[in-house]
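Heads up, start02.csv below (CSV, C-alpha atoms and all ligand atoms):
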chain,number,residue,atom,x,y,z
A,1,MET,CA,130.3,77.7,90.6
A,2,ASN,CA,131.0,81.3,91.6
A,3,GLY,CA,133.8,80.2,93.8
A,4,LYS,CA,135.4,78.4,91.0
A,5,LYS,CA,135.1,81.4,88.8
A,6,ASN,CA,136.8,83.6,91.4
A,7,ILE,CA,139.7,81.2,91.7
A,8,LYS,CA,140.0,81.2,87.9
A,9,GLY,CA,140.0,85.0,88.0
A,10,LYS,CA,142.7,85.0,90.6
A,11,VAL,CA,144.9,82.6,88.6
A,12,ASP,CA,144.4,84.8,85.5
A,13,GLU,CA,145.5,87.9,87.5
A,14,ILE,CA,148.6,86.1,88.8
A,15,GLU,CA,149.4,84.9,85.3
A,16,ILE,CA,148.9,88.5,83.9
A,17,MET,CA,151.2,89.8,86.6
A,18,LYS,CA,153.9,87.2,85.8
A,19,GLU,CA,153.6,88.0,82.1
A,20,MET,CA,153.8,91.7,82.7
A,21,ASP,CA,156.7,91.4,85.1
A,22,THR,CA,158.8,89.6,82.5
A,23,PHE,CA,157.6,92.0,79.8
A,24,ILE,CA,158.5,95.2,81.7
A,25,LYS,CA,161.9,93.8,82.5
A,26,LEU,CA,162.5,92.9,78.8
A,27,LEU,CA,161.2,96.3,77.8
A,28,PHE,CA,163.5,98.0,80.3
A,29,TYR,CA,166.6,96.3,78.9
A,30,LYS,CA,165.5,96.9,75.3
A,31,GLU,CA,165.0,100.6,75.9
A,32,LYS,CA,168.3,100.9,77.8
A,33,ALA,CA,170.2,99.1,75.0
A,34,TYR,CA,168.4,101.0,72.3
A,35,LYS,CA,168.8,104.5,73.7
A,36,ARG,CA,172.3,104.0,75.2
A,37,SER,CA,171.5,106.9,77.4
A,38,PRO,CA,171.9,107.2,81.2
A,39,ILE,CA,168.2,108.0,81.6
A,40,LEU,CA,167.4,104.6,83.0
A,41,SER,CA,170.7,104.0,84.6
A,42,ASN,CA,169.6,104.7,88.2
A,43,ILE,CA,166.6,102.5,87.9
A,44,THR,CA,166.4,98.8,88.1
A,45,PRO,CA,163.9,96.7,86.1
A,46,GLU,CA,162.5,95.5,89.4
A,47,GLU,CA,161.6,99.1,90.3
A,48,ALA,CA,159.9,99.6,86.9
A,49,ALA,CA,157.9,96.4,87.4
A,50,LEU,CA,157.0,97.5,90.9
A,51,ILE,CA,155.6,100.8,89.7
A,52,PHE,CA,153.6,98.9,87.1
A,53,ARG,CA,152.3,96.5,89.7
A,54,ILE,CA,151.1,99.2,92.0
A,55,LEU,CA,149.3,101.0,89.2
A,56,TYR,CA,147.8,97.8,88.1
A,57,GLU,CA,146.3,97.2,91.5
A,58,LYS,CA,144.7,100.7,91.3
A,59,ALA,CA,143.5,100.3,87.8
A,60,GLU,CA,139.9,100.8,88.7
A,61,THR,CA,140.5,104.1,90.4
A,62,LYS,CA,141.4,107.5,88.9
A,63,GLY,CA,145.0,106.5,89.3
A,64,LEU,CA,147.9,107.7,91.4
A,65,SER,CA,150.0,110.9,91.2
A,66,ASP,CA,153.8,110.6,91.1
A,67,GLU,CA,153.8,112.1,94.6
A,68,GLU,CA,151.6,109.2,95.9
A,69,LEU,CA,153.9,106.7,94.1
A,70,GLU,CA,156.8,108.3,95.9
A,71,GLN,CA,155.1,107.9,99.3
A,72,ILE,CA,154.2,104.2,98.6
A,73,THR,CA,157.6,103.1,97.2
A,74,GLY,CA,160.1,105.4,98.9
A,75,MET,CA,161.7,105.9,95.5
A,76,ARG,CA,162.8,109.3,94.3
A,77,GLU,CA,160.4,111.4,92.2
A,78,THR,CA,162.9,111.7,89.3
A,79,GLN,CA,163.2,107.9,89.2
A,80,ILE,CA,159.4,107.5,89.3
A,81,ARG,CA,159.0,110.0,86.5
A,82,ARG,CA,161.5,108.2,84.3
A,83,ILE,CA,159.7,104.9,84.8
A,84,LEU,CA,156.3,106.5,84.1
A,85,LEU,CA,157.7,107.9,80.9
A,86,LEU,CA,159.1,104.5,79.9
A,87,LEU,CA,155.6,103.0,80.4
A,88,LEU,CA,153.9,106.0,78.7
A,89,GLU,CA,156.1,105.6,75.6
A,90,ASN,CA,155.1,102.0,75.4
A,91,LYS,CA,151.4,103.0,75.8
A,92,LEU,CA,151.1,100.9,79.0
A,93,VAL,CA,149.9,103.9,81.1
A,94,THR,CA,147.8,107.0,80.5
A,95,TYR,CA,147.5,110.2,82.5
A,96,GLN,CA,145.0,112.8,83.3
A,97,ARG,CA,145.1,116.1,85.1
A,98,GLY,CA,143.2,116.1,88.4
A,99,ARG,CA,143.0,117.6,91.8
A,100,THR,CA,144.3,116.1,95.1
A,101,LYS,CA,142.3,116.2,98.3
A,102,THR,CA,144.1,119.4,99.2
A,103,GLY,CA,143.0,121.0,95.9
A,104,GLU,CA,146.4,120.9,94.1
A,105,THR,CA,146.6,120.1,90.4
A,106,ARG,CA,148.5,116.9,89.7
A,107,PHE,CA,148.9,114.3,87.0
A,108,PHE,CA,147.3,111.0,87.8
A,109,TRP,CA,148.7,107.9,86.2
A,110,ARG,CA,146.6,104.8,85.2
A,111,ILE,CA,147.2,101.5,83.6
A,112,ASN,CA,145.9,101.5,80.0
A,113,LYS,CA,143.9,98.3,80.1
A,114,SER,CA,143.1,98.0,76.4
A,115,THR,CA,146.7,98.3,75.3
A,116,LEU,CA,147.7,95.9,78.1
A,117,ASN,CA,145.4,93.3,76.6
A,118,LEU,CA,147.0,93.8,73.2
A,119,VAL,CA,150.4,93.4,74.7
A,120,LEU,CA,149.4,90.2,76.4
A,121,LEU,CA,147.7,88.9,73.2
A,122,SER,CA,150.8,89.5,71.1
A,123,ARG,CA,152.9,87.7,73.7
A,124,LYS,CA,150.6,84.7,73.7
A,125,LYS,CA,150.8,84.7,69.9
A,126,SER,CA,154.6,84.6,70.0
A,127,VAL,CA,154.5,81.7,72.5
A,128,LEU,CA,152.1,79.9,70.2
A,129,GLU,CA,154.5,80.3,67.2
A,130,LYS,CA,157.4,78.8,69.3
A,131,LEU,CA,155.3,75.9,70.4
A,132,LYS,CA,154.2,75.2,66.8
A,133,ASN,CA,157.8,75.2,65.6
A,134,ARG,CA,158.8,72.9,68.5
A,135,TYR,CA,155.9,70.6,67.6
A,136,GLY,CA,157.0,70.6,63.9
A,137,PHE,CA,160.5,69.6,64.9
A,138,GLU,CA,159.4,66.9,67.3
A,139,GLU,CA,157.0,65.5,64.7
A,140,GLU,CA,159.5,65.4,61.9
A,141,ASN,CA,162.3,64.0,63.9
A,142,GLU,CA,162.3,60.5,65.3
A,143,ILE,CA,164.3,60.5,68.5
A,144,TYR,CA,166.4,57.6,69.6
A,145,VAL,CA,167.5,57.1,73.2
A,146,CYS,CA,170.2,55.2,74.9
A,147,PRO,CA,168.6,53.0,77.6
A,148,LYS,CA,172.0,52.9,79.5
A,149,CYS,CA,173.1,56.6,79.7
A,150,GLY,CA,169.9,58.4,78.5
A,151,ALA,CA,171.6,60.2,75.6
A,152,ARG,CA,169.2,61.3,72.8
A,153,TYR,CA,169.9,61.3,69.0
A,154,THR,CA,168.0,62.2,65.9
A,155,PHE,CA,167.4,59.6,63.3
A,156,PRO,CA,170.4,60.7,61.1
A,157,GLU,CA,172.7,60.7,64.1
A,158,ALA,CA,171.5,57.2,65.3
A,159,PHE,CA,171.8,55.9,61.7
A,160,GLU,CA,175.3,57.2,61.4
A,161,TYR,CA,176.3,55.5,64.7
A,162,GLU,CA,174.5,52.3,63.5
A,163,PHE,CA,172.2,52.5,66.5
A,164,ILE,CA,175.0,52.0,69.0
A,165,CYS,CA,175.5,54.8,71.6
A,166,PRO,CA,178.9,56.4,70.9
A,167,ARG,CA,179.2,57.3,74.5
A,168,CYS,CA,178.6,54.0,76.2
A,169,GLY,CA,177.9,51.3,73.6
A,170,GLY,CA,174.3,50.9,74.5
A,171,GLU,CA,171.8,49.8,71.9
A,172,LEU,CA,169.7,52.8,70.8
A,173,GLU,CA,165.9,52.5,70.9
A,174,LEU,CA,163.1,54.6,69.5
A,175,ASP,CA,161.9,57.1,72.1
A,176,GLU,CA,158.4,55.9,73.1
A,177,ASP,CA,157.6,59.0,75.1
A,178,ARG,CA,157.7,60.9,71.9
A,179,GLU,CA,154.1,60.1,71.1
A,180,ILE,CA,153.0,61.1,74.6
A,181,ASN,CA,155.0,64.3,74.4
A,182,LEU,CA,153.5,65.2,71.0
A,183,ARG,CA,150.0,64.6,72.4
A,184,ILE,CA,150.7,66.9,75.4
A,185,LEU,CA,152.2,69.6,73.2
A,186,LYS,CA,149.3,69.4,70.9
A,187,LYS,CA,146.8,69.9,73.8
A,188,ILE,CA,148.8,72.9,75.0
A,189,ILE,CA,148.8,74.4,71.5
A,190,GLU,CA,145.0,73.9,71.1
A,191,ASN,CA,144.3,75.4,74.5
A,192,LEU,CA,146.4,78.5,73.7
A,193,GLN,CA,144.7,78.8,70.3
A,194,ARG,CA,141.3,78.8,71.9
A,195,GLU,CA,142.5,81.4,74.5
A,196,ILE,CA,143.8,83.7,71.7
A,197,LYS,CA,140.5,83.4,69.8
A,198,ARG,CA,138.6,84.2,73.0
A,199,ASP,CA,140.9,87.2,73.7
A,200,GLU,CA,140.5,88.5,70.2
A,201,ALA,CA,136.7,88.3,70.4
A,202,GLN,CA,136.8,90.4,73.5
A,203,LEU,CA,138.9,93.2,72.1
B,1,ZN,ZN,174.7,55.5,76.0
For the structure just supplied, provide its representation as structure tokens.
Amino acid sequence: MNGKKNIKGKVDEIEIMKEMDTFIKLLFYKEKAYKRSPILSNITPEEAALIFRILYEKAETKGLSDEELEQITGMRETQIRRILLLLLENKLVTYQRGRTKTGETRFFWRINKSTLNLVLLSRKKSVLEKLKNRYGFEEENEIYVCPKCGARYTFPEAFEYEFICPRCGGELELDEDREINLRILKKIIENLQREIKRDEAQL
């Protein structure tokens, strides 16, 4: 039972990282386009995602200083600072003043886990919206397929062609996989809705 839970936890972590990787890259491009400034020009979205990932792994500690991040990644301090500021502006990290082992005062950067959950939740919601739209489209539109060449047509299209494939002359048939696809899509939507509800209860 415990083992199962651990595996589930691992899968969740991997999913979170995949989500965040995509998110940071999108964020990066959005900021870059929005600001039209060279601030982010010497940094790649992969580097931004890397900094985030390293901080995420250290989320339970007091965080890392920009110097430590420099040592781990080999990136320049100015680059690291720009990435940290990008993450800070989007409330993905927080910082606190602290002392290093040698007694120097530094800023320590940490992942802001509560905001992170909100970010993930809003991404799940937008995926849910898309799936619902897709379901609506599939449900409203009967799809006709050509058994010879595999081309797909909506009902108005098939009707216009008098149910004869304009490409190859095959006789169009109602897509029987549609019901199965609809059922699968519905299951995915229900699971996601349950997940969102669970996430919201935990906030
Ligand atoms: Zn055909």
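Closest approach to ligand ZN 1 (chain B) among A:Phe163, A:Asp177, A:Thr100, A:Arg194: A:Phe163, based on only C-alpha atoms and all ligand atoms.
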* **Near-Asp175 of chain A list (7 Å; only C-alpha atoms; drop same-chain fewer than 2 positions) as a PyMOL selection string** => chain A and resi 143-145+173+177-178
* Nearest residue to Glu129 of chain A from the set A:Leu86, A:Ala48, A:Leu192, A:Leu26 (distances using all atoms listed in the file) -> A:Leu192
* Residues within 12 Å of ligand ZN 1 (chain B), counting only C-alpha atoms and all ligand atoms: report them as a PyMOL selection string. => chain A and resi 144-153+158+161+163-173
File of the preceding selection, C-alpha atoms, as a short mmCIF file (atom, residue, chain, number, x, y, z; two decimals), in the coordinates of the input:
data_model
loop_
_atom_site.label_atom_id
_atom_site.label_comp_id
_atom_site.auth_asym_id
_atom_site.auth_seq_id
_atom_site.Cartn_x
_atom_site.Cartn_y
_atom_site.Cartn_z
CA TYR A 144 166.40 57.60 69.60
CA VAL A 145 167.50 57.10 73.20
CA CYS A 146 170.20 55.20 74.90
CA PRO A 147 168.60 53.00 77.60
CA LYS A 148 172.00 52.90 79.50
CA CYS A 149 173.10 56.60 79.70
CA GLY A 150 169.90 58.40 78.50
CA ALA A 151 171.60 60.20 75.60
CA ARG A 152 169.20 61.30 72.80
CA TYR A 153 169.90 61.30 69.00
CA ALA A 158 171.50 57.20 65.30
CA TYR A 161 176.30 55.50 64.70
CA PHE A 163 172.20 52.50 66.50
CA ILE A 164 175.00 52.00 69.00
CA CYS A 165 175.50 54.80 71.60
CA PRO A 166 178.90 56.40 70.90
CA ARG A 167 179.20 57.30 74.50
CA CYS A 168 178.60 54.00 76.20
CA GLY A 169 177.90 51.30 73.60
CA GLY A 170 174.30 50.90 74.50
CA GLU A 171 171.80 49.80 71.90
CA LEU A 172 169.70 52.80 70.80
CA GLU A 173 165.90 52.50 70.90
#
* To do: Find the residue from A:Ile111, A:Leu64, A:Leu131, A:Leu121 that sits nearest to Ile184 of chain A; use only C-alpha atoms when measuring.
  =>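 Closest candidate: A:Leu131.
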* To do: Take atom CA of Thr154 of chain A and atom CA of Glu142 of chain A and report the distance between them in Å, one decimal.
  =>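 Result for atom CA of Thr154 of chain A versus atom CA of Glu142 of chain A: 6.0 Å, one decimal.
Atom CA of Ile43 of chain A to atom CA of Lys25 of chain A spans 11.3 Å [interatomic distance, one decimal].
Between atom CA of Leu182 of chain A and atom CA of Val127 of chain A lies a distance of 16.6 Å.
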* **Nearest residue to Thr105 of chain A from the set A:Glu67, A:Leu40, A:Glu162, A:Ile189 (distances using all atoms listed in the file)** =>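 Using all atoms listed in the file, Thr105 of chain A sits closest to A:Glu67.
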* Which is closer to Glu77 of chain A than all the others in A:Ile51, A:Ala59, A:Ile188, A:Met20, using all atoms listed in the file? ->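 Going through A:Ile51, A:Ala59, A:Ile188, A:Met20 one by one, the smallest distance to Glu77 of chain A is for A:Ile51.
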* May I ask which of the residues A:Arg134, A:Lys62, A:Lys186, A:Lys91 is the closest one to Arg106 of chain A, counting only C-alpha atoms? =>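 Closest residue, counting only C-alpha atoms: A:Lys62.
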* To do: Write out as a ChimeraX atom specification the residues lying within 9 Å of Leu120 of chain A, counting all atoms listed in the file and excluding same-chain residues fewer than 3 positions away.
  => /A:16,19-20,115-117,123-125
* Distance query Asp21 of chain A at most 12 Å, only C-alpha atoms, self and fewer than 2 positions along chain excluded, as number ranges by chain -> A: 13-19, 23-28, 45-54, 56, 120
Write out, as a PDB file, in the coordinates of the input, the residues just selected, with C-alpha atoms.
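As written to disk, again_19.pdb reads:
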ATOM      1  CA  GLU A  13     145.500  87.900  87.500  1.00  0.00           C
ATOM      2  CA  ILE A  14     148.600  86.100  88.800  1.00  0.00           C
ATOM      3  CA  GLU A  15     149.400  84.900  85.300  1.00  0.00           C
ATOM      4  CA  ILE A  16     148.900  88.500  83.900  1.00  0.00           C
ATOM      5  CA  MET A  17     151.200  89.800  86.600  1.00  0.00           C
ATOM      6  CA  LYS A  18     153.900  87.200  85.800  1.00  0.00           C
ATOM      7  CA  GLU A  19     153.600  88.000  82.100  1.00  0.00           C
ATOM      8  CA  PHE A  23     157.600  92.000  79.800  1.00  0.00           C
ATOM      9  CA  ILE A  24     158.500  95.200  81.700  1.00  0.00           C
ATOM     10  CA  LYS A  25     161.900  93.800  82.500  1.00  0.00           C
ATOM     11  CA  LEU A  26     162.500  92.900  78.800  1.00  0.00           C
ATOM     12  CA  LEU A  27     161.200  96.300  77.800  1.00  0.00           C
ATOM     13  CA  PHE A  28     163.500  98.000  80.300  1.00  0.00           C
ATOM     14  CA  PRO A  45     163.900  96.700  86.100  1.00  0.00           C
ATOM     15  CA  GLU A  46     162.500  95.500  89.400  1.00  0.00           C
ATOM     16  CA  GLU A  47     161.600  99.100  90.300  1.00  0.00           C
ATOM     17  CA  ALA A  48     159.900  99.600  86.900  1.00  0.00           C
ATOM     18  CA  ALA A  49     157.900  96.400  87.400  1.00  0.00           C
ATOM     19  CA  LEU A  50     157.000  97.500  90.900  1.00  0.00           C
ATOM     20  CA  ILE A  51     155.600 100.800  89.700  1.00  0.00           C
ATOM     21  CA  PHE A  52     153.600  98.900  87.100  1.00  0.00           C
ATOM     22  CA  ARG A  53     152.300  96.500  89.700  1.00  0.00           C
ATOM     23  CA  ILE A  54     151.100  99.200  92.000  1.00  0.00           C
ATOM     24  CA  TYR A  56     147.800  97.800  88.100  1.00  0.00           C
ATOM     25  CA  LEU A 120     149.400  90.200  76.400  1.00  0.00           C
TER      26      LEU A 120
END
